[in-house]
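Below is upload_5.txt, holding compact mmCIF, C-alpha atoms and all ligand atoms.
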```txt
# COMPACT_ATOMS: atom_id res chain seq x y z
CA MET A 1 -4.44 -10.66 -26.53
CA SER A 2 -7.85 -9.57 -25.35
CA THR A 3 -9.71 -11.09 -22.44
CA PRO A 4 -13.48 -11.73 -22.64
CA ILE A 5 -15.21 -8.83 -20.82
CA ASP A 6 -17.33 -11.28 -18.84
CA TYR A 7 -14.20 -12.93 -17.49
CA LEU A 8 -12.82 -9.61 -16.22
CA LEU A 9 -16.23 -8.80 -14.75
CA HIS A 10 -16.34 -12.19 -13.01
CA LEU A 11 -13.01 -11.44 -11.30
CA ALA A 12 -13.97 -7.84 -10.54
CA ASP A 13 -17.47 -8.64 -9.27
CA ASN A 14 -16.06 -11.31 -6.94
CA ALA A 15 -13.74 -8.73 -5.43
CA VAL A 16 -16.27 -5.90 -5.15
CA VAL A 17 -19.06 -8.04 -3.68
CA LEU A 18 -16.85 -9.63 -1.02
CA GLY A 19 -15.26 -6.22 -0.37
CA GLN A 20 -18.70 -4.74 0.23
CA ARG A 21 -19.77 -7.64 2.46
CA ASN A 22 -16.62 -7.51 4.59
CA ALA A 23 -16.97 -3.74 4.90
CA GLU A 24 -20.24 -4.28 6.80
CA TRP A 25 -18.01 -5.05 9.78
CA CYS A 26 -16.45 -1.60 9.66
CA GLY A 27 -17.25 -0.06 13.05
CA HIS A 28 -18.87 -3.33 14.23
CA GLY A 29 -15.91 -5.73 14.41
CA PRO A 30 -15.84 -8.22 17.29
CA ILE A 31 -12.58 -6.64 18.46
CA LEU A 32 -10.78 -3.49 17.33
CA GLU A 33 -7.96 -5.37 15.57
CA GLU A 34 -10.42 -7.39 13.52
CA ASP A 35 -12.41 -4.30 12.65
CA LEU A 36 -9.22 -2.82 11.18
CA ALA A 37 -8.21 -6.09 9.53
CA LEU A 38 -11.52 -6.56 7.72
CA ALA A 39 -11.54 -2.92 6.60
CA ASN A 40 -8.03 -3.38 5.17
CA VAL A 41 -9.02 -6.61 3.41
CA SER A 42 -11.98 -4.75 1.91
CA LEU A 43 -9.72 -1.95 0.72
CA ASP A 44 -7.52 -4.46 -1.07
CA LEU A 45 -10.52 -6.18 -2.66
CA ILE A 46 -12.14 -2.95 -3.78
CA GLY A 47 -8.75 -1.81 -5.12
CA GLN A 48 -8.46 -5.04 -7.13
CA ALA A 49 -12.01 -4.58 -8.41
CA ARG A 50 -11.19 -1.03 -9.55
CA LEU A 51 -8.15 -2.19 -11.54
CA LEU A 52 -10.22 -4.92 -13.20
CA TYR A 53 -13.18 -2.63 -13.94
CA GLN A 54 -10.79 -0.04 -15.40
CA ARG A 55 -9.34 -2.74 -17.64
CA ALA A 56 -12.82 -3.91 -18.68
CA ALA A 57 -13.99 -0.33 -19.34
CA GLU A 58 -10.90 0.33 -21.44
CA MET A 59 -11.64 -2.73 -23.57
CA MET A 60 -15.34 -1.92 -23.88
CA GLY A 61 -14.56 1.60 -25.06
CA GLY A 62 -17.35 4.11 -25.64
CA ASP A 63 -18.58 5.68 -22.44
CA ALA A 64 -17.80 2.72 -20.19
CA THR A 65 -16.14 3.60 -16.89
CA GLU A 66 -15.24 1.70 -13.74
CA ASP A 67 -18.03 3.52 -11.87
CA LYS A 68 -20.67 2.63 -14.45
CA LEU A 69 -19.67 -1.02 -14.20
CA ALA A 70 -19.81 -1.04 -10.40
CA TYR A 71 -22.85 1.17 -9.81
CA PHE A 72 -25.09 0.95 -12.84
CA ARG A 73 -25.43 -2.75 -13.51
CA ASP A 74 -28.19 -4.78 -11.84
CA ALA A 75 -27.92 -8.11 -10.00
CA HIS A 76 -28.46 -10.34 -13.06
CA GLN A 77 -25.52 -8.61 -14.77
CA PHE A 78 -23.12 -9.44 -11.94
CA ARG A 79 -20.80 -12.41 -12.45
CA ASN A 80 -19.62 -13.15 -8.90
CA TYR A 81 -19.78 -16.50 -7.12
CA THR A 82 -22.99 -16.84 -5.10
CA LEU A 83 -20.82 -17.69 -2.06
CA LEU A 84 -19.61 -14.10 -1.84
CA GLU A 85 -22.99 -12.36 -1.73
CA LEU A 86 -24.46 -14.36 1.17
CA PRO A 87 -25.04 -12.49 4.42
CA HIS A 88 -22.78 -13.07 7.44
CA HIS A 89 -24.97 -15.75 8.97
CA GLY A 90 -26.43 -19.16 8.29
CA PRO A 91 -29.62 -19.89 6.35
CA LEU A 92 -32.90 -18.68 7.86
CA VAL A 93 -36.57 -18.68 6.98
CA GLY A 94 -37.55 -15.74 4.79
CA TYR A 95 -38.81 -13.38 7.49
CA ALA A 96 -36.11 -14.03 10.10
CA ALA A 97 -33.16 -11.75 10.82
CA ALA A 98 -29.89 -12.63 12.53
CA ASP A 99 -26.85 -10.91 13.91
CA ARG A 100 -23.70 -11.04 11.86
CA ASP A 101 -21.66 -14.13 12.67
CA TYR A 102 -17.89 -13.71 12.54
CA ALA A 103 -17.29 -17.43 12.00
CA THR A 104 -19.25 -17.20 8.72
CA THR A 105 -17.13 -14.21 7.69
CA ILE A 106 -13.88 -16.02 8.45
CA VAL A 107 -14.85 -19.26 6.71
CA ARG A 108 -15.97 -17.43 3.56
CA ASN A 109 -12.79 -15.38 3.42
CA PHE A 110 -10.72 -18.51 3.93
CA LEU A 111 -12.44 -20.55 1.20
CA TYR A 112 -12.25 -17.68 -1.28
CA SER A 113 -8.69 -16.53 -0.60
CA ALA A 114 -7.42 -20.14 -0.73
CA LEU A 115 -8.81 -20.22 -4.27
CA MET A 116 -7.57 -16.77 -5.23
CA VAL A 117 -3.91 -17.31 -4.31
CA LEU A 118 -3.97 -20.17 -6.82
CA VAL A 119 -5.93 -18.20 -9.43
CA TRP A 120 -3.78 -15.04 -9.24
CA ASP A 121 -0.59 -17.08 -9.21
CA LYS A 122 -1.53 -18.73 -12.52
CA LEU A 123 -2.96 -15.54 -14.04
CA GLN A 124 0.46 -13.93 -13.73
CA GLN A 125 1.22 -15.93 -16.89
CA SER A 126 -1.90 -14.69 -18.73
CA LYS A 127 -1.28 -13.65 -22.33
CA ASP A 128 -3.19 -10.47 -21.45
CA ALA A 129 -0.33 -8.39 -20.01
CA GLY A 130 -2.75 -6.02 -18.28
CA LEU A 131 -4.50 -8.86 -16.48
CA ALA A 132 -1.14 -10.47 -15.61
CA ALA A 133 -0.02 -7.20 -13.98
CA ILE A 134 -3.19 -7.02 -11.87
CA ALA A 135 -2.73 -10.69 -10.90
CA ALA A 136 0.84 -10.09 -9.69
CA LYS A 137 -0.36 -7.39 -7.29
CA SER A 138 -3.49 -9.22 -6.19
CA LEU A 139 -1.53 -12.37 -5.38
CA LYS A 140 0.49 -10.55 -2.74
CA GLU A 141 -2.70 -9.23 -1.15
CA ALA A 142 -4.59 -12.53 -1.35
CA SER A 143 -1.70 -14.25 0.46
CA TYR A 144 -2.20 -11.94 3.43
CA HIS A 145 -5.97 -12.46 3.33
CA LEU A 146 -5.42 -16.20 3.40
CA HIS A 147 -2.98 -15.97 6.31
CA HIS A 148 -5.45 -13.88 8.25
CA SER A 149 -8.53 -16.01 7.67
CA ARG A 150 -6.67 -19.31 8.09
CA ASP A 151 -5.27 -18.18 11.45
CA TRP A 152 -8.73 -17.32 12.69
CA LEU A 153 -10.21 -20.51 11.30
CA VAL A 154 -7.76 -22.47 13.45
CA ARG A 155 -8.25 -20.24 16.50
CA LEU A 156 -12.03 -20.54 16.34
CA GLY A 157 -12.10 -24.23 15.41
CA ASP A 158 -9.58 -25.23 18.03
CA GLY A 159 -10.97 -22.71 20.53
CA THR A 160 -13.94 -23.01 22.85
CA GLU A 161 -16.91 -25.31 22.49
CA GLU A 162 -19.01 -22.35 21.35
CA SER A 163 -16.50 -21.08 18.76
CA HIS A 164 -15.93 -24.61 17.46
CA ALA A 165 -19.66 -25.20 17.02
CA ARG A 166 -20.18 -21.89 15.24
CA VAL A 167 -17.27 -22.26 12.85
CA GLN A 168 -18.28 -25.87 12.06
CA ALA A 169 -21.81 -24.65 11.30
CA ALA A 170 -20.33 -22.01 8.97
CA VAL A 171 -18.22 -24.64 7.19
CA ASN A 172 -21.28 -26.86 6.76
CA HIS A 173 -23.30 -23.95 5.43
CA LEU A 174 -20.72 -22.49 3.03
CA MET A 175 -18.77 -25.46 1.70
CA PRO A 176 -21.48 -26.53 -0.79
CA TYR A 177 -21.27 -23.10 -2.44
CA THR A 178 -17.62 -23.73 -3.34
CA GLU A 179 -18.78 -26.32 -5.91
CA GLU A 180 -19.40 -23.33 -8.15
CA PHE A 181 -15.63 -22.78 -8.30
CA TRP A 182 -15.20 -25.97 -10.32
CA THR A 183 -17.78 -25.61 -13.06
CA THR A 184 -16.76 -23.82 -16.25
CA SER A 185 -18.82 -20.81 -17.32
CA PRO A 186 -18.87 -19.73 -20.99
CA ALA A 187 -16.66 -16.73 -20.07
CA GLU A 188 -14.13 -18.98 -18.34
CA GLY A 189 -14.19 -21.40 -21.26
CA SER A 190 -13.44 -18.72 -23.83
CA ALA A 191 -10.79 -17.10 -21.61
CA VAL A 192 -8.99 -20.44 -21.36
CA ALA A 193 -9.28 -21.00 -25.11
CA ALA A 194 -7.75 -17.56 -25.75
CA GLY A 195 -4.84 -18.29 -23.40
CA VAL A 196 -5.75 -15.39 -21.12
CA GLY A 197 -7.68 -17.25 -18.42
CA ILE A 198 -7.03 -20.35 -16.38
CA ASP A 199 -8.66 -23.73 -16.10
CA VAL A 200 -9.92 -23.65 -12.51
CA TRP A 201 -10.47 -27.39 -12.48
CA ALA A 202 -6.70 -27.87 -12.55
CA LEU A 203 -6.41 -25.90 -9.29
CA ARG A 204 -8.71 -28.18 -7.37
CA PRO A 205 -6.15 -30.64 -5.95
CA ASP A 206 -4.09 -27.78 -4.47
CA TRP A 207 -7.19 -26.06 -3.12
CA ASP A 208 -8.44 -29.31 -1.57
CA ALA A 209 -5.05 -29.88 0.04
CA MET A 210 -4.97 -26.36 1.53
CA VAL A 211 -8.53 -26.58 2.80
CA ASN A 212 -8.26 -30.09 4.21
CA GLU A 213 -5.01 -29.31 5.98
CA ALA A 214 -6.43 -26.15 7.57
CA LEU A 215 -9.68 -27.87 8.61
CA GLU A 216 -7.70 -30.66 10.21
CA GLU A 217 -5.55 -28.22 12.16
CA ALA A 218 -8.73 -26.44 13.21
CA THR A 219 -10.24 -29.79 14.37
CA LEU A 220 -13.12 -29.28 11.93
CA THR A 221 -14.87 -31.76 9.65
CA ARG A 222 -15.40 -31.25 5.96
CA PRO A 223 -19.01 -32.02 5.03
CA ASN A 224 -19.79 -34.32 2.11
CA PHE A 225 -21.30 -32.51 -0.80
CA HIS A 226 -24.43 -33.41 -2.64
CA GLY A 227 -26.98 -31.05 -4.04
CA TYR A 228 -27.49 -27.96 -6.09
CA VAL A 229 -24.51 -26.11 -7.59
CA THR A 230 -24.97 -22.33 -7.60
CA GLU A 231 -24.53 -20.31 -10.77
CA GLY A 232 -23.81 -16.76 -9.68
CA LYS A 233 -21.00 -16.47 -12.20
CA ILE A 234 -23.46 -16.70 -15.06
CA GLY A 235 -25.76 -14.15 -13.43
CA LEU A 236 -28.17 -16.45 -11.57
CA HIS A 237 -27.97 -15.12 -8.02
CA SER A 238 -29.54 -15.61 -4.62
CA GLU A 239 -32.00 -13.05 -3.27
CA HIS A 240 -29.21 -11.50 -1.20
CA LEU A 241 -27.27 -9.82 -4.01
CA SER A 242 -29.93 -7.23 -4.84
CA TYR A 243 -30.02 -6.02 -1.23
CA LEU A 244 -26.23 -5.76 -1.17
CA LEU A 245 -26.17 -3.83 -4.44
CA GLY A 246 -29.07 -1.67 -3.28
CA GLU A 247 -26.91 -0.40 -0.45
CA MET A 248 -23.72 -0.15 -2.49
CA GLN A 249 -25.28 1.61 -5.48
CA THR A 250 -27.84 3.93 -3.92
CA LEU A 251 -25.61 6.97 -3.56
CA ALA A 252 -24.21 6.79 -7.10
CA ARG A 253 -27.71 6.36 -8.52
CA ALA A 254 -29.35 9.07 -6.42
CA HIS A 255 -26.62 11.57 -7.23
CA PRO A 256 -25.01 10.63 -10.56
CA ASN A 257 -21.58 12.19 -11.13
CA ALA A 258 -21.44 13.58 -7.60
CA THR A 259 -17.95 14.41 -6.37
CA TRP A 260 -16.53 15.53 -3.05
CA MET B 1 17.81 16.17 -22.67
CA SER B 2 18.95 14.18 -19.66
CA SER B 3 19.42 17.41 -17.71
CA THR B 4 15.64 17.96 -17.95
CA VAL B 5 15.07 14.48 -16.57
CA ASP B 6 17.53 15.21 -13.76
CA LYS B 7 15.72 18.44 -13.00
CA VAL B 8 12.41 16.59 -12.63
CA TRP B 9 13.99 14.06 -10.27
CA ALA B 10 15.45 16.89 -8.21
CA THR B 11 12.11 18.70 -8.12
CA LEU B 12 10.23 15.62 -6.90
CA GLU B 13 12.95 14.54 -4.48
CA HIS B 14 11.37 16.14 -1.41
CA LEU B 15 7.94 14.51 -1.88
CA THR B 16 7.20 12.10 0.94
CA ASP B 17 4.58 9.46 1.58
CA PRO B 18 1.41 11.10 2.99
CA GLU B 19 1.13 8.43 5.70
CA ILE B 20 4.83 7.93 6.48
CA PRO B 21 6.36 11.39 6.10
CA VAL B 22 9.95 10.29 6.89
CA VAL B 23 10.50 8.45 3.62
CA THR B 24 10.34 9.90 0.12
CA LEU B 25 8.31 8.53 -2.78
CA ARG B 26 11.58 7.69 -4.53
CA GLU B 27 12.93 5.78 -1.53
CA LEU B 28 9.71 3.79 -1.25
CA GLY B 29 9.90 2.85 -4.92
CA ILE B 30 6.58 4.52 -5.75
CA LEU B 31 8.26 7.11 -7.98
CA ARG B 32 9.67 4.75 -10.60
CA GLU B 33 10.91 6.64 -13.60
CA VAL B 34 11.22 10.00 -15.34
CA ARG B 35 11.55 9.69 -19.09
CA GLU B 36 11.25 11.49 -22.40
CA GLY B 37 8.14 10.05 -24.05
CA ALA B 38 6.91 10.65 -27.59
CA ASP B 39 4.60 13.42 -26.32
CA GLY B 40 6.99 14.96 -23.83
CA LEU B 41 8.11 14.24 -20.30
CA GLU B 42 6.56 11.35 -18.40
CA VAL B 43 6.70 10.66 -14.68
CA VAL B 44 5.94 7.03 -13.82
CA ILE B 45 4.48 6.05 -10.47
CA THR B 46 3.41 2.59 -9.32
CA PRO B 47 0.73 1.83 -6.72
CA THR B 48 1.58 -0.01 -3.52
CA TYR B 49 -1.47 -2.00 -2.34
CA SER B 50 -4.30 -2.08 -4.93
CA GLY B 51 -6.62 -0.25 -2.56
CA CYS B 52 -4.12 2.09 -0.92
CA PRO B 53 -6.13 5.29 -0.27
CA ALA B 54 -2.91 7.34 -0.29
CA MET B 55 -2.33 6.77 -4.02
CA GLY B 56 -4.77 9.50 -5.08
CA GLN B 57 -3.05 11.93 -2.76
CA ILE B 58 0.38 10.89 -4.04
CA GLU B 59 -0.64 11.46 -7.65
CA ASP B 60 -2.05 14.89 -6.76
CA ASP B 61 1.14 15.77 -4.86
CA VAL B 62 3.31 14.85 -7.86
CA ARG B 63 1.12 16.87 -10.25
CA ALA B 64 1.04 19.91 -7.96
CA CYS B 65 4.79 19.78 -7.45
CA LEU B 66 5.47 19.61 -11.19
CA GLU B 67 3.03 22.43 -11.86
CA GLN B 68 4.59 24.63 -9.21
CA ALA B 69 8.02 24.11 -10.75
CA GLY B 70 6.61 24.97 -14.19
CA ILE B 71 7.35 21.51 -15.56
CA GLY B 72 4.92 20.11 -18.10
CA ALA B 73 4.89 16.34 -17.65
CA ARG B 74 2.33 13.57 -17.78
CA VAL B 75 1.92 11.37 -14.70
CA ILE B 76 1.56 7.72 -15.66
CA THR B 77 0.44 4.95 -13.31
CA GLN B 78 2.10 1.67 -14.18
CA LEU B 79 1.29 -1.69 -12.55
CA ALA B 80 4.09 -3.88 -13.88
CA PRO B 81 6.49 -4.81 -12.51
CA ALA B 82 4.42 -4.96 -9.34
CA TRP B 83 5.65 -2.77 -6.51
CA THR B 84 7.60 -4.64 -3.87
CA THR B 85 9.03 -3.63 -0.51
CA ASP B 86 12.32 -5.14 -1.77
CA TRP B 87 12.82 -1.89 -3.73
CA MET B 88 13.20 0.04 -0.50
CA SER B 89 16.77 1.16 0.09
CA ASP B 90 18.63 0.27 3.30
CA GLU B 91 18.69 3.98 4.01
CA ALA B 92 14.88 4.15 3.82
CA LYS B 93 14.55 1.10 6.04
CA GLU B 94 16.76 2.76 8.65
CA LYS B 95 14.57 5.89 8.52
CA LEU B 96 11.48 3.75 9.10
CA ARG B 97 13.09 2.07 12.10
CA LYS B 98 14.02 5.42 13.64
CA TYR B 99 10.45 6.59 13.07
CA GLY B 100 9.19 3.59 15.10
CA ILE B 101 8.13 1.29 12.26
CA ALA B 102 9.93 -2.06 11.95
CA PRO B 103 11.16 -2.20 8.32
CA PRO B 104 10.11 -5.07 6.02
CA HIS B 105 12.11 -8.26 5.66
CA HIS B 106 12.88 -9.41 2.13
CA THR B 107 10.01 -11.16 0.39
CA PRO B 108 10.43 -14.95 0.20
CA LYS B 109 12.00 -16.02 -3.08
CA ASP B 110 11.19 -19.02 -5.26
CA VAL B 111 8.55 -20.40 -2.95
CA SER B 112 5.44 -21.88 -4.48
CA VAL B 113 2.24 -20.17 -3.43
CA VAL B 114 0.87 -23.19 -1.62
CA LYS B 115 4.10 -23.73 0.30
CA PHE B 116 4.41 -20.06 1.11
CA VAL B 117 1.00 -20.11 2.69
CA ARG B 118 1.74 -23.17 4.78
CA ARG B 119 5.08 -21.92 5.99
CA ALA B 120 5.50 -20.96 9.62
CA PRO B 121 6.27 -17.26 10.24
CA ALA B 122 9.73 -16.40 8.93
CA GLU B 123 12.47 -14.44 10.69
CA PRO B 124 11.58 -12.63 13.91
CA VAL B 125 10.68 -8.96 13.67
CA ALA B 126 12.95 -6.78 15.80
CA CYS B 127 11.39 -4.10 18.00
CA PRO B 128 12.23 -0.68 16.46
CA LEU B 129 12.48 0.86 19.95
CA CYS B 130 14.71 -1.53 21.95
CA GLY B 131 15.94 -3.93 19.26
CA SER B 132 14.64 -7.04 21.01
CA THR B 133 13.53 -9.90 18.77
CA GLU B 134 11.19 -11.16 21.49
CA THR B 135 8.11 -9.81 19.74
CA THR B 136 4.67 -11.13 18.95
CA VAL B 137 2.10 -10.31 16.28
CA THR B 138 -1.11 -8.73 17.58
CA SER B 139 -2.83 -8.42 14.21
CA GLN B 140 -1.74 -8.97 10.62
CA PHE B 141 -3.42 -5.72 9.61
CA GLY B 142 -2.56 -2.53 11.46
CA SER B 143 -3.37 1.11 10.90
CA THR B 144 -2.96 0.62 7.14
CA ALA B 145 -2.99 -2.40 4.82
CA CYS B 146 0.79 -2.27 4.46
CA LYS B 147 1.48 -2.66 8.18
CA ALA B 148 0.96 -5.36 10.80
CA LEU B 149 0.54 -4.67 14.49
CA TYR B 150 3.21 -6.13 16.80
CA LYS B 151 4.03 -6.01 20.46
CA CYS B 152 7.49 -6.13 22.02
CA LEU B 153 7.70 -8.63 24.88
CA SER B 154 10.87 -7.00 26.23
CA CYS B 155 9.89 -3.32 26.47
CA GLN B 156 6.13 -3.99 26.19
CA GLU B 157 5.64 -1.32 23.53
CA PRO B 158 3.25 -1.91 20.62
CA PHE B 159 4.68 -1.09 17.18
CA ASP B 160 3.92 -1.29 13.46
CA TYR B 161 5.73 -3.69 11.14
CA PHE B 162 5.91 -2.74 7.46
CA LYS B 163 4.96 -6.07 5.87
CA PRO B 164 6.97 -7.58 3.01
CA TYR B 165 4.94 -7.18 -0.21
ZN ZN A 301 11.04 -3.30 22.54
```
Once you've parsed the file, please lay out its structure as structure tokens.
Amino acid sequence: MSTPIDYLLHLADNAVVLGQRNAEWCGHGPILEEDLALANVSLDLIGQARLLYQRAAEMMGGDATEDKLAYFRDAHQFRNYTLLELPHHGPLVGYAAADRDYATTIVRNFLYSALMVLVWDKLQQSKDAGLAAIAAKSLKEASYHLHHSRDWLVRLGDGTEESHARVQAAVNHLMPYTEEFWTTSPAEGSAVAAGVGIDVWALRPDWDAMVNEALEEATLTRPNFHGYVTEGKIGLHSEHLSYLLGEMQTLARAHPNATW
Amino acid sequence: MSSTVDKVWATLEHLTDPEIPVVTLRELGILREVREGADGLEVVITPTYSGCPAMGQIEDDVRACLEQAGIGARVITQLAPAWTTDWMSDEAKEKLRKYGIAPPHHTPKDVSVVKFVRRAPAEPVACPLCGSTETTVTSQFGSTACKALYKCLSCQEPFDYFKPY
């Protein structure tokens, strides 16, 4: 059974974009242990992306390779959730810059890994045996990512006045972007129809339960949602993705086929 | 035919993990199978963590070892069934402990994902140096993705815990 390429790219792009974002903390972590933790989470995510890109390249045939998919596509060809490409700080006016905010990092990793443990768990039953094998591995890794980010969510939320305020601001900022999880893109629709993908909508009650329970333990409030639903997974991205890709792709594009 | 397969196993027996040199690739469950394929001998390895940077080195080590022994075999990377720390033998776990790494507990069985995530930490991790179970987790990610960082409250030593996967 073959999986729509765009569906594999959606899963792979999610992993590579968050992996690249988290890796920005490498050498800059708030404490040494967290520096190592985020680097290890990134390694897992980039490893998952590689497996998925390899699978996509295999199905595309021709001269497609995992590197071409990661380094030689532009922002509008990426299929990741908009949530994952945002910088590590809250919204600002166009010309402003801000320091990275660890609360934003933690909240994003929590919201995403809470979704992915559910997604990978179900994808283990995909009719695409290759995708099911990747899901079985990724599930184990996502469980650790969720443990890590959930722990910190509670520590920061139920911590000091300052940490509580910052993590609440991050929740308020990022939660609306999770609405994108629950819309169905054409790629997701055809993957479900082919029996290789999963209906994300069905995961929502479990995700809500996990998120609400963690927020409560962290003494945080879940904001009400109303507004625009992002569409990164169909290629309509924020301005931030091009900058992220610019950094990630520059070496491969400046020196094609370089090895060391 | 099976004697060729045995010879390959024997040749690869001494290969150890690049990051944990006290345990062999076979003991860790990374070296899965040696078989007679349609196009000749095949050596099957399976990756640990998806992003484990040691996997490239491991594959190179296996190839170099086969080449040196004059064995023509293809090295195949296979994802399913997914690698698990449950494949580690008791003998390998004892070697880890002696090396200063607390060996992994068994992975939880038949637990739904959501429940697994909510569950409080399972059995205590014993200090590999003094055996005390009065230990505390410092960080869920240690020097590598497969290990967590712990501290022993009895002897005060920090140590790595090989996480169940
Ligand atoms: Zn001790």
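Of note, CA of Ser89 (chain B) and CA of Val5 (chain B) are spaced 21.4 Å apart.
Environment of ligand ZN 301 (chain A), defined as every protein or nucleic acid residue with an atom within 12 Å of it and counting only C-alpha atoms and all ligand atoms, comprises Arg97, Gly100, Ile101, Ala102, Val125, Ala126, Cys127, Pro128, Leu129, Cys130, Gly131, Ser132, Thr133, Glu134, Thr135, Thr136, Tyr150, Lys151, Cys152, Leu153, Ser154, Cys155, Gln156, Glu157, Pro158, Phe159 and Asp160 of chain B.
All polymer residues at most 9 Å from (11.4, 15.3, -8.9), using all atoms listed in the file, appear as Val5, Asp6, Lys7, Val8, Trp9, Ala10, Thr11, Leu12, Glu13, His14, Leu15, Arg26, Leu31, Val34, Val43, Val62, Cys65 and Leu66 of chain B.
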Using all atoms listed in the file, I'd like a table of the residues in chain B that come within 9 Å of chain A; for each, show the closest atom pair and its distance in Å rounded to one decimal, ordered by chain and ascending number, as a Markdown table.
```
| residue | atom | partner | partner_atom | distance |
| --- | --- | --- | --- | --- |
| B:Thr48 | CA | A:Lys137 | CA | 8.5 |
| B:Tyr49 | CA | A:Asp44 | CA | 6.7 |
| B:Ser50 | CA | A:Gly47 | CA | 4.5 |
| B:Gly51 | CA | A:Gly47 | CA | 3.7 |
| B:Cys52 | CA | A:Leu43 | CA | 7.1 |
| B:Pro53 | CA | A:Leu43 | CA | 8.1 |
| B:Leu79 | CA | A:Ala133 | CA | 5.8 |
| B:Ala80 | CA | A:Ala133 | CA | 5.3 |
| B:Pro81 | CA | A:Ala133 | CA | 7.1 |
| B:Ala82 | CA | A:Lys137 | CA | 5.7 |
| B:Trp83 | CA | A:Lys137 | CA | 7.6 |
| B:Val113 | CA | A:Val117 | CA | 6.8 |
| B:Val114 | CA | A:Asp206 | CA | 7.3 |
| B:Phe116 | CA | A:Ser143 | CA | 8.5 |
| B:Val117 | CA | A:His147 | CA | 6.8 |
| B:Arg118 | CA | A:Met210 | CA | 8.1 |
| B:Thr138 | CA | A:Glu33 | CA | 7.9 |
| B:Ser139 | CA | A:Glu33 | CA | 6.1 |
| B:Gln140 | CA | A:His148 | CA | 6.6 |
| B:Phe141 | CA | A:Ala37 | CA | 4.8 |
| B:Gly142 | CA | A:Leu36 | CA | 6.7 |
| B:Ser143 | CA | A:Leu36 | CA | 7.1 |
| B:Thr144 | CA | A:Asn40 | CA | 6.8 |
| B:Ala145 | CA | A:Asn40 | CA | 5.1 |
| B:Cys146 | CA | A:Asn40 | CA | 8.9 |
| B:Leu149 | CA | A:Glu33 | CA | 8.6 |
| B:Tyr165 | CA | A:Lys140 | CA | 6.1 |
```
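Here CA of Tyr81 (chain A) and CA of Thr178 (chain A) stand 8.4 Å from one another.
One finds CA of Phe72 (chain A) at 17.7 Å from CA of Leu236 (chain A).
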Contacts of His106 (chain B) at 9 Å (all atoms listed in the file; same-chain gap of 5+ positions) as a list of chain:residue names: B:Thr85, B:Asp86, B:Pro164, B:Tyr165
Generate the missing atoms of region 144-156 of chain B up to N, CA and C atoms and report them as a PDB file, keeping the file's coordinate frame.
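Result file selection.pdb:
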```
ATOM      1  N   THR B 144      -2.765   0.619   8.591  1.00  0.00           N
ATOM      2  CA  THR B 144      -2.960   0.620   7.140  1.00  0.00           C
ATOM      3  C   THR B 144      -2.724  -0.796   6.637  1.00  0.00           C
ATOM      4  N   ALA B 145      -3.135  -1.045   5.384  1.00  0.00           N
ATOM      5  CA  ALA B 145      -2.990  -2.400   4.820  1.00  0.00           C
ATOM      6  C   ALA B 145      -1.537  -2.840   4.780  1.00  0.00           C
ATOM      7  N   CYS B 146      -0.613  -1.889   4.636  1.00  0.00           N
ATOM      8  CA  CYS B 146       0.790  -2.270   4.460  1.00  0.00           C
ATOM      9  C   CYS B 146       1.487  -2.607   5.770  1.00  0.00           C
ATOM     10  N   LYS B 147       0.813  -2.417   6.893  1.00  0.00           N
ATOM     11  CA  LYS B 147       1.480  -2.660   8.180  1.00  0.00           C
ATOM     12  C   LYS B 147       0.746  -3.696   9.029  1.00  0.00           C
ATOM     13  N   ALA B 148       1.524  -4.446   9.816  1.00  0.00           N
ATOM     14  CA  ALA B 148       0.960  -5.360  10.800  1.00  0.00           C
ATOM     15  C   ALA B 148       1.225  -4.776  12.176  1.00  0.00           C
ATOM     16  N   LEU B 149       0.403  -5.188  13.129  1.00  0.00           N
ATOM     17  CA  LEU B 149       0.540  -4.670  14.490  1.00  0.00           C
ATOM     18  C   LEU B 149       1.292  -5.699  15.343  1.00  0.00           C
ATOM     19  N   TYR B 150       2.393  -5.253  15.954  1.00  0.00           N
ATOM     20  CA  TYR B 150       3.210  -6.130  16.800  1.00  0.00           C
ATOM     21  C   TYR B 150       3.292  -5.579  18.217  1.00  0.00           C
ATOM     22  N   LYS B 151       3.763  -6.458  19.111  1.00  0.00           N
ATOM     23  CA  LYS B 151       4.030  -6.010  20.460  1.00  0.00           C
ATOM     24  C   LYS B 151       5.382  -6.560  20.877  1.00  0.00           C
ATOM     25  N   CYS B 152       6.180  -5.697  21.546  1.00  0.00           N
ATOM     26  CA  CYS B 152       7.490  -6.130  22.020  1.00  0.00           C
ATOM     27  C   CYS B 152       7.328  -6.732  23.409  1.00  0.00           C
ATOM     28  N   LEU B 153       7.835  -7.963  23.587  1.00  0.00           N
ATOM     29  CA  LEU B 153       7.700  -8.630  24.880  1.00  0.00           C
ATOM     30  C   LEU B 153       8.787  -8.184  25.862  1.00  0.00           C
ATOM     31  N   SER B 154       9.819  -7.490  25.345  1.00  0.00           N
ATOM     32  CA  SER B 154      10.870  -7.000  26.230  1.00  0.00           C
ATOM     33  C   SER B 154      10.508  -5.644  26.818  1.00  0.00           C
ATOM     34  N   CYS B 155      10.208  -4.658  25.942  1.00  0.00           N
ATOM     35  CA  CYS B 155       9.890  -3.320  26.470  1.00  0.00           C
ATOM     36  C   CYS B 155       8.381  -3.069  26.539  1.00  0.00           C
ATOM     37  N   GLN B 156       7.603  -4.046  26.094  1.00  0.00           N
ATOM     38  CA  GLN B 156       6.130  -3.990  26.190  1.00  0.00           C
ATOM     39  C   GLN B 156       5.452  -2.988  25.248  1.00  0.00           C
TER      40      GLN B 156
END
```
